[in-house]
Amino acid sequence: MTEEFTLTVKEAEEQTEETKTEVTAIEVADYEEELEVDKTMTLSATVLPSDATDATVTYYSGNAGIATVTSTGEVKGIAPGQVIITLTAGNISKDIHLTVKVKTEAVQVNSTYVVLKKGETFLLKAKVVPEEADQSLTYKSADPGVASVSGRGEIHAEATGST
C-alpha cells in the first residue's frame, strides 16, 4: 500500500528586531541553598515572557571544583565551599548562590549519661564526624529547670530530676 502527499517547503522568515521578543527575566523554582558533596539537585528555570525568542537557558558553574552543572540544570556537589551557578537566556542572567557541605554522619560526645548533684557542672565535649563536615554545634537542655547547658557544652545541674 502506498500513500501520497504534497510537501511544501518555504524559506524561514528572517526575524527582524521588530519581531523578536526579548527575555526579561529568568525565574528559578524552589531550590535548596545548600547541597551535600556527591548529591545532586535540578534547577527548574522558566524564561519570561513565555514567547521570548531566545528562551534557551544555559547553565555555568563559577567553580567546577565545588559544584558542576549540566546543560539541563542538574547541579552536583563536588567539594565543600561556596559557588555561584549562573543561568543565562537571551541577554538576562540570574545567579544562584549555593553552599556545598560534607554530610554529618555522627556527633560523638565524651559521655551519653551524666549524674550531677544540684550546683555541679560537667563539660560535654562533642565533635562532628567526619572532620570535613561543619563542626558547628549547638546545645540545648530538654528541661532547663533541671539542667542548663551553655553554648560551649557546660552542663549545670539546677534541680533534682532528669533531662
# chains A, B, ... in the order shown; residues from 1 in each chain; ligands from 1
$ residues_around --residues "Thr160 of chain A" --least-positions-apart "6" --cutoff "10 Å" --atoms "only C-alpha atoms" --output "list in words"
Leu116, Lys117, Lys118, Gly145, Val146 and Ala147 of chain A
$ write_last_selection --atoms "C-alpha atoms" --output "PDB file, in the first residue's frame"
ATOM      1  CA  LEU A 116      25.152  15.520  88.844  1.00  0.00           C
ATOM      2  CA  LYS A 117      24.114  16.946  92.161  1.00  0.00           C
ATOM      3  CA  LYS A 118      22.433  20.359  92.239  1.00  0.00           C
ATOM      4  CA  GLY A 145      14.804  23.837  85.097  1.00  0.00           C
ATOM      5  CA  VAL A 146      16.647  20.587  85.831  1.00  0.00           C
ATOM      6  CA  ALA A 147      19.874  21.248  83.927  1.00  0.00           C
TER       7      ALA A 147
END
$ residues_around --residues "Thr58 of chain A" --least-positions-apart "2" --cutoff "12 Å" --atoms "only C-alpha atoms" --output "ChimeraX atom specification"
/A:26,43-47,54-56,60-61,69-74,85-95
$ write_last_selection --atoms "N, CA, C and O atoms" --output "short mmCIF file (atom, residue, chain, number, x, y, z; two decimals), in the first residue's frame"
data_model
loop_
_atom_site.label_atom_id
_atom_site.label_comp_id
_atom_site.auth_asym_id
_atom_site.auth_seq_id
_atom_site.Cartn_x
_atom_site.Cartn_y
_atom_site.Cartn_z
N ILE A 26 14.47 35.52 34.30
CA ILE A 26 14.58 34.07 34.48
C ILE A 26 14.13 33.78 35.90
O ILE A 26 14.68 34.34 36.85
N LEU A 43 17.91 22.39 38.94
CA LEU A 43 17.33 23.73 38.93
C LEU A 43 16.28 23.78 37.83
O LEU A 43 16.54 23.42 36.69
N SER A 44 15.09 24.22 38.18
CA SER A 44 13.99 24.34 37.23
C SER A 44 13.80 25.81 36.89
O SER A 44 13.35 26.59 37.72
N ALA A 45 14.17 26.18 35.65
CA ALA A 45 14.13 27.58 35.24
C ALA A 45 12.99 27.84 34.27
O ALA A 45 12.68 27.01 33.41
N THR A 46 12.38 29.02 34.39
CA THR A 46 11.35 29.49 33.48
C THR A 46 11.78 30.83 32.93
O THR A 46 12.14 31.73 33.69
N VAL A 47 11.73 30.95 31.60
CA VAL A 47 12.10 32.20 30.94
C VAL A 47 10.84 33.03 30.73
O VAL A 47 9.80 32.51 30.31
N ASP A 54 14.63 34.01 22.31
CA ASP A 54 15.81 33.24 22.70
C ASP A 54 15.61 32.72 24.12
O ASP A 54 16.18 33.23 25.07
N ALA A 55 14.77 31.68 24.24
CA ALA A 55 14.39 31.18 25.56
C ALA A 55 15.27 30.03 26.04
O ALA A 55 14.99 29.43 27.08
N THR A 56 16.33 29.71 25.33
CA THR A 56 17.22 28.63 25.74
C THR A 56 18.03 29.06 26.97
O THR A 56 18.67 30.11 26.95
N TYR A 60 26.06 27.65 34.06
CA TYR A 60 27.50 27.74 34.24
C TYR A 60 27.82 27.71 35.72
O TYR A 60 27.18 28.39 36.52
N SER A 61 28.83 26.93 36.10
CA SER A 61 29.30 26.89 37.48
C SER A 61 30.49 27.82 37.61
O SER A 61 31.43 27.74 36.81
N VAL A 69 27.50 21.69 36.89
CA VAL A 69 26.12 21.82 36.44
C VAL A 69 26.05 21.37 34.98
O VAL A 69 26.93 21.69 34.18
N THR A 70 25.01 20.59 34.66
CA THR A 70 24.84 20.09 33.30
C THR A 70 24.01 21.08 32.48
O THR A 70 23.46 22.03 33.02
N SER A 71 23.89 20.79 31.20
CA SER A 71 23.11 21.65 30.31
C SER A 71 21.62 21.60 30.62
O SER A 71 20.87 22.45 30.17
N THR A 72 21.20 20.64 31.44
CA THR A 72 19.79 20.55 31.83
C THR A 72 19.54 21.10 33.23
O THR A 72 18.43 21.00 33.75
N GLY A 73 20.57 21.66 33.86
CA GLY A 73 20.40 22.29 35.17
C GLY A 73 20.62 21.37 36.36
O GLY A 73 20.31 21.74 37.48
N GLU A 74 21.19 20.19 36.15
CA GLU A 74 21.47 19.30 37.28
C GLU A 74 22.79 19.70 37.92
O GLU A 74 23.84 19.66 37.28
N ILE A 85 26.06 29.47 40.67
CA ILE A 85 25.60 28.87 39.42
C ILE A 85 24.88 29.98 38.67
O ILE A 85 23.96 30.60 39.20
N THR A 86 25.31 30.24 37.43
CA THR A 86 24.72 31.31 36.64
C THR A 86 23.86 30.72 35.53
O THR A 86 24.31 29.84 34.80
N LEU A 87 22.62 31.22 35.43
CA LEU A 87 21.70 30.83 34.37
C LEU A 87 21.60 32.01 33.42
O LEU A 87 21.48 33.15 33.87
N THR A 88 21.64 31.73 32.13
CA THR A 88 21.56 32.80 31.13
C THR A 88 20.57 32.42 30.05
O THR A 88 20.53 31.27 29.60
N ALA A 89 19.75 33.39 29.63
CA ALA A 89 18.84 33.26 28.49
C ALA A 89 18.76 34.63 27.84
O ALA A 89 18.53 35.63 28.52
N GLY A 90 18.97 34.67 26.53
CA GLY A 90 18.99 35.98 25.87
C GLY A 90 20.08 36.83 26.49
O GLY A 90 21.21 36.39 26.67
N ASN A 91 19.75 38.06 26.85
CA ASN A 91 20.70 38.97 27.48
C ASN A 91 20.54 39.03 29.00
O ASN A 91 21.06 39.93 29.64
N ILE A 92 19.78 38.10 29.57
CA ILE A 92 19.48 38.10 31.01
C ILE A 92 20.24 36.97 31.70
O ILE A 92 20.32 35.85 31.18
N SER A 93 20.80 37.26 32.87
CA SER A 93 21.48 36.25 33.69
C SER A 93 20.90 36.28 35.10
O SER A 93 20.42 37.31 35.56
N LYS A 94 20.95 35.13 35.76
CA LYS A 94 20.50 35.03 37.15
C LYS A 94 21.52 34.18 37.88
O LYS A 94 21.90 33.11 37.41
N ASP A 95 21.95 34.65 39.06
CA ASP A 95 22.93 33.93 39.87
C ASP A 95 22.23 33.20 41.01
O ASP A 95 21.38 33.77 41.69
#
$ select_by_dssp --residues "chain A" --states "strand (DSSP E or B)" --output "number ranges by chain"
A: 25-28, 34-37, 40-42, 45-48, 58-61, 67-69, 74-77, 81-89, 92-101, 106-109, 121-123, 126-129, 147-149, 154-157
$ residues_around --residues "Asn63 of chain A" --least-positions-apart "2" --cutoff "12 Å" --atoms "only C-alpha atoms" --output "PyMOL selection string"
chain A and resi 60-61+65-69+75-86+97-100
$ write_last_selection --atoms "N, CA, C and O atoms" --output "PDB file, in the first residue's frame"
ATOM      1  N   TYR A  60      26.064  27.655  34.060  1.00  0.00           N
ATOM      2  CA  TYR A  60      27.501  27.744  34.237  1.00  0.00           C
ATOM      3  C   TYR A  60      27.822  27.712  35.724  1.00  0.00           C
ATOM      4  O   TYR A  60      27.180  28.393  36.517  1.00  0.00           O
ATOM      5  N   SER A  61      28.826  26.927  36.097  1.00  0.00           N
ATOM      6  CA  SER A  61      29.299  26.889  37.482  1.00  0.00           C
ATOM      7  C   SER A  61      30.491  27.817  37.610  1.00  0.00           C
ATOM      8  O   SER A  61      31.433  27.740  36.812  1.00  0.00           O
ATOM      9  N   GLY A  65      35.174  22.911  40.697  1.00  0.00           N
ATOM     10  CA  GLY A  65      35.799  22.129  41.757  1.00  0.00           C
ATOM     11  C   GLY A  65      34.906  22.013  42.981  1.00  0.00           C
ATOM     12  O   GLY A  65      35.095  21.146  43.826  1.00  0.00           O
ATOM     13  N   ILE A  66      33.905  22.893  43.091  1.00  0.00           N
ATOM     14  CA  ILE A  66      32.956  22.857  44.208  1.00  0.00           C
ATOM     15  C   ILE A  66      31.627  22.245  43.771  1.00  0.00           C
ATOM     16  O   ILE A  66      31.054  21.422  44.476  1.00  0.00           O
ATOM     17  N   ALA A  67      31.123  22.647  42.601  1.00  0.00           N
ATOM     18  CA  ALA A  67      29.878  22.079  42.079  1.00  0.00           C
ATOM     19  C   ALA A  67      29.888  22.163  40.560  1.00  0.00           C
ATOM     20  O   ALA A  67      30.344  23.154  39.997  1.00  0.00           O
ATOM     21  N   THR A  68      29.380  21.116  39.921  1.00  0.00           N
ATOM     22  CA  THR A  68      29.249  21.125  38.470  1.00  0.00           C
ATOM     23  C   THR A  68      27.776  21.286  38.130  1.00  0.00           C
ATOM     24  O   THR A  68      26.906  21.033  38.966  1.00  0.00           O
ATOM     25  N   VAL A  69      27.497  21.693  36.886  1.00  0.00           N
ATOM     26  CA  VAL A  69      26.116  21.822  36.436  1.00  0.00           C
ATOM     27  C   VAL A  69      26.051  21.367  34.983  1.00  0.00           C
ATOM     28  O   VAL A  69      26.926  21.693  34.181  1.00  0.00           O
ATOM     29  N   VAL A  75      22.724  20.088  39.191  1.00  0.00           N
ATOM     30  CA  VAL A  75      23.885  20.544  39.939  1.00  0.00           C
ATOM     31  C   VAL A  75      24.369  19.402  40.824  1.00  0.00           C
ATOM     32  O   VAL A  75      23.561  18.771  41.508  1.00  0.00           O
ATOM     33  N   LYS A  76      25.674  19.155  40.826  1.00  0.00           N
ATOM     34  CA  LYS A  76      26.249  18.114  41.679  1.00  0.00           C
ATOM     35  C   LYS A  76      27.307  18.718  42.581  1.00  0.00           C
ATOM     36  O   LYS A  76      28.195  19.441  42.116  1.00  0.00           O
ATOM     37  N   GLY A  77      27.202  18.433  43.893  1.00  0.00           N
ATOM     38  CA  GLY A  77      28.204  18.885  44.851  1.00  0.00           C
ATOM     39  C   GLY A  77      29.475  18.077  44.698  1.00  0.00           C
ATOM     40  O   GLY A  77      29.431  16.848  44.695  1.00  0.00           O
ATOM     41  N   ILE A  78      30.609  18.760  44.578  1.00  0.00           N
ATOM     42  CA  ILE A  78      31.901  18.095  44.388  1.00  0.00           C
ATOM     43  C   ILE A  78      32.763  18.187  45.644  1.00  0.00           C
ATOM     44  O   ILE A  78      33.322  17.203  46.093  1.00  0.00           O
ATOM     45  N   ALA A  79      32.854  19.386  46.225  1.00  0.00           N
ATOM     46  CA  ALA A  79      33.696  19.606  47.406  1.00  0.00           C
ATOM     47  C   ALA A  79      33.085  20.732  48.228  1.00  0.00           C
ATOM     48  O   ALA A  79      32.332  21.555  47.700  1.00  0.00           O
ATOM     49  N   PRO A  80      33.398  20.811  49.525  1.00  0.00           N
ATOM     50  CA  PRO A  80      32.831  21.870  50.360  1.00  0.00           C
ATOM     51  C   PRO A  80      33.260  23.259  49.898  1.00  0.00           C
ATOM     52  O   PRO A  80      34.390  23.449  49.469  1.00  0.00           O
ATOM     53  N   GLY A  81      32.321  24.206  49.987  1.00  0.00           N
ATOM     54  CA  GLY A  81      32.631  25.586  49.652  1.00  0.00           C
ATOM     55  C   GLY A  81      31.423  26.334  49.133  1.00  0.00           C
ATOM     56  O   GLY A  81      30.308  25.815  49.113  1.00  0.00           O
ATOM     57  N   GLN A  82      31.663  27.566  48.721  1.00  0.00           N
ATOM     58  CA  GLN A  82      30.622  28.437  48.168  1.00  0.00           C
ATOM     59  C   GLN A  82      30.790  28.472  46.655  1.00  0.00           C
ATOM     60  O   GLN A  82      31.915  28.516  46.161  1.00  0.00           O
ATOM     61  N   VAL A  83      29.678  28.483  45.927  1.00  0.00           N
ATOM     62  CA  VAL A  83      29.738  28.540  44.474  1.00  0.00           C
ATOM     63  C   VAL A  83      28.531  29.305  43.951  1.00  0.00           C
ATOM     64  O   VAL A  83      27.476  29.317  44.585  1.00  0.00           O
ATOM     65  N   ILE A  84      28.716  29.935  42.803  1.00  0.00           N
ATOM     66  CA  ILE A  84      27.612  30.617  42.134  1.00  0.00           C
ATOM     67  C   ILE A  84      27.325  29.874  40.840  1.00  0.00           C
ATOM     68  O   ILE A  84      28.228  29.650  40.026  1.00  0.00           O
ATOM     69  N   ILE A  85      26.064  29.469  40.670  1.00  0.00           N
ATOM     70  CA  ILE A  85      25.604  28.872  39.422  1.00  0.00           C
ATOM     71  C   ILE A  85      24.883  29.980  38.666  1.00  0.00           C
ATOM     72  O   ILE A  85      23.956  30.595  39.200  1.00  0.00           O
ATOM     73  N   THR A  86      25.311  30.241  37.434  1.00  0.00           N
ATOM     74  CA  THR A  86      24.721  31.314  36.635  1.00  0.00           C
ATOM     75  C   THR A  86      23.863  30.721  35.533  1.00  0.00           C
ATOM     76  O   THR A  86      24.307  29.839  34.800  1.00  0.00           O
ATOM     77  N   HIS A  97      23.275  31.321  44.457  1.00  0.00           N
ATOM     78  CA  HIS A  97      24.364  31.127  45.414  1.00  0.00           C
ATOM     79  C   HIS A  97      24.123  29.828  46.180  1.00  0.00           C
ATOM     80  O   HIS A  97      23.057  29.658  46.786  1.00  0.00           O
ATOM     81  N   LEU A  98      25.101  28.933  46.149  1.00  0.00           N
ATOM     82  CA  LEU A  98      24.985  27.639  46.830  1.00  0.00           C
ATOM     83  C   LEU A  98      26.151  27.419  47.781  1.00  0.00           C
ATOM     84  O   LEU A  98      27.264  27.884  47.532  1.00  0.00           O
ATOM     85  N   THR A  99      25.870  26.685  48.845  1.00  0.00           N
ATOM     86  CA  THR A  99      26.904  26.225  49.755  1.00  0.00           C
ATOM     87  C   THR A  99      26.937  24.711  49.656  1.00  0.00           C
ATOM     88  O   THR A  99      25.906  24.051  49.837  1.00  0.00           O
ATOM     89  N   VAL A 100      28.095  24.161  49.344  1.00  0.00           N
ATOM     90  CA  VAL A 100      28.258  22.710  49.283  1.00  0.00           C
ATOM     91  C   VAL A 100      28.921  22.280  50.593  1.00  0.00           C
ATOM     92  O   VAL A 100      29.917  22.862  51.013  1.00  0.00           O
TER      93      VAL A 100
END
$ residues_around --residues "segment 133-142 of chain A" --least-positions-apart "4" --cutoff "7 Å" --atoms "only C-alpha atoms" --output "PyMOL selection string"
chain A and resi 101-104+127-129+147-151+153+163
$ atom_distance --atom1 "atom CA of Pro130 of chain A" --atom2 "atom CA of Gln108 of chain A"
10.2 Å
$ atom_distance --atom1 "atom CA of Ala126 of chain A" --atom2 "atom CA of Asp38 of chain A"
25.7 Å
$ atom_distance --atom1 "atom CA of Val107 of chain A" --atom2 "atom CA of Glu132 of chain A"
12.8 Å
$ residues_around --residues "Val114 of chain A" --least-positions-apart "5" --cutoff "10 Å" --atoms "only C-alpha atoms" --output "PyMOL selection string"
chain A and resi 121-122+124+155+162
$ write_last_selection --atoms "N, CA, C and O atoms" --output "compact mmCIF listing (two decimals), in the first residue's frame"
# COMPACT_ATOMS: atom_id res chain seq x y z
N THR A 121 28.70 20.90 87.83
CA THR A 121 28.77 21.11 86.38
C THR A 121 29.56 19.98 85.73
O THR A 121 30.34 19.27 86.39
N PHE A 122 29.34 19.83 84.44
CA PHE A 122 30.06 18.83 83.64
C PHE A 122 30.25 19.42 82.25
O PHE A 122 29.30 19.96 81.67
N LEU A 124 30.55 18.88 78.56
CA LEU A 124 30.26 17.94 77.49
C LEU A 124 31.17 18.29 76.31
O LEU A 124 31.18 19.42 75.85
N ILE A 155 27.30 21.71 81.22
CA ILE A 155 26.01 21.36 81.83
C ILE A 155 26.06 21.79 83.30
O ILE A 155 27.03 21.52 84.00
N SER A 162 15.50 14.62 85.91
CA SER A 162 16.27 14.11 84.77
C SER A 162 15.84 14.83 83.51
O SER A 162 14.71 15.23 83.36
$ residues_around --residues "Tyr31 of chain A" --least-positions-apart "2" --cutoff "10 Å" --atoms "only C-alpha atoms" --output "PDB file with C-alpha atoms, in the first residue's frame"
ATOM      1  CA  VAL A  28      14.024  29.557  39.244  1.00  0.00           C
ATOM      2  CA  ALA A  29      11.595  27.294  41.105  1.00  0.00           C
ATOM      3  CA  GLU A  33      20.685  26.835  49.035  1.00  0.00           C
ATOM      4  CA  GLU A  34      22.776  24.004  50.492  1.00  0.00           C
ATOM      5  CA  LEU A  35      23.889  20.828  48.758  1.00  0.00           C
ATOM      6  CA  MET A  41      19.594  18.733  42.576  1.00  0.00           C
ATOM      7  CA  THR A  42      17.986  20.037  39.424  1.00  0.00           C
ATOM      8  CA  LEU A  43      17.330  23.728  38.927  1.00  0.00           C
ATOM      9  CA  SER A  44      13.989  24.338  37.225  1.00  0.00           C
ATOM     10  CA  ILE A  96      22.141  31.132  42.306  1.00  0.00           C
ATOM     11  CA  LEU A  98      24.985  27.639  46.830  1.00  0.00           C
TER      12      LEU A  98
END
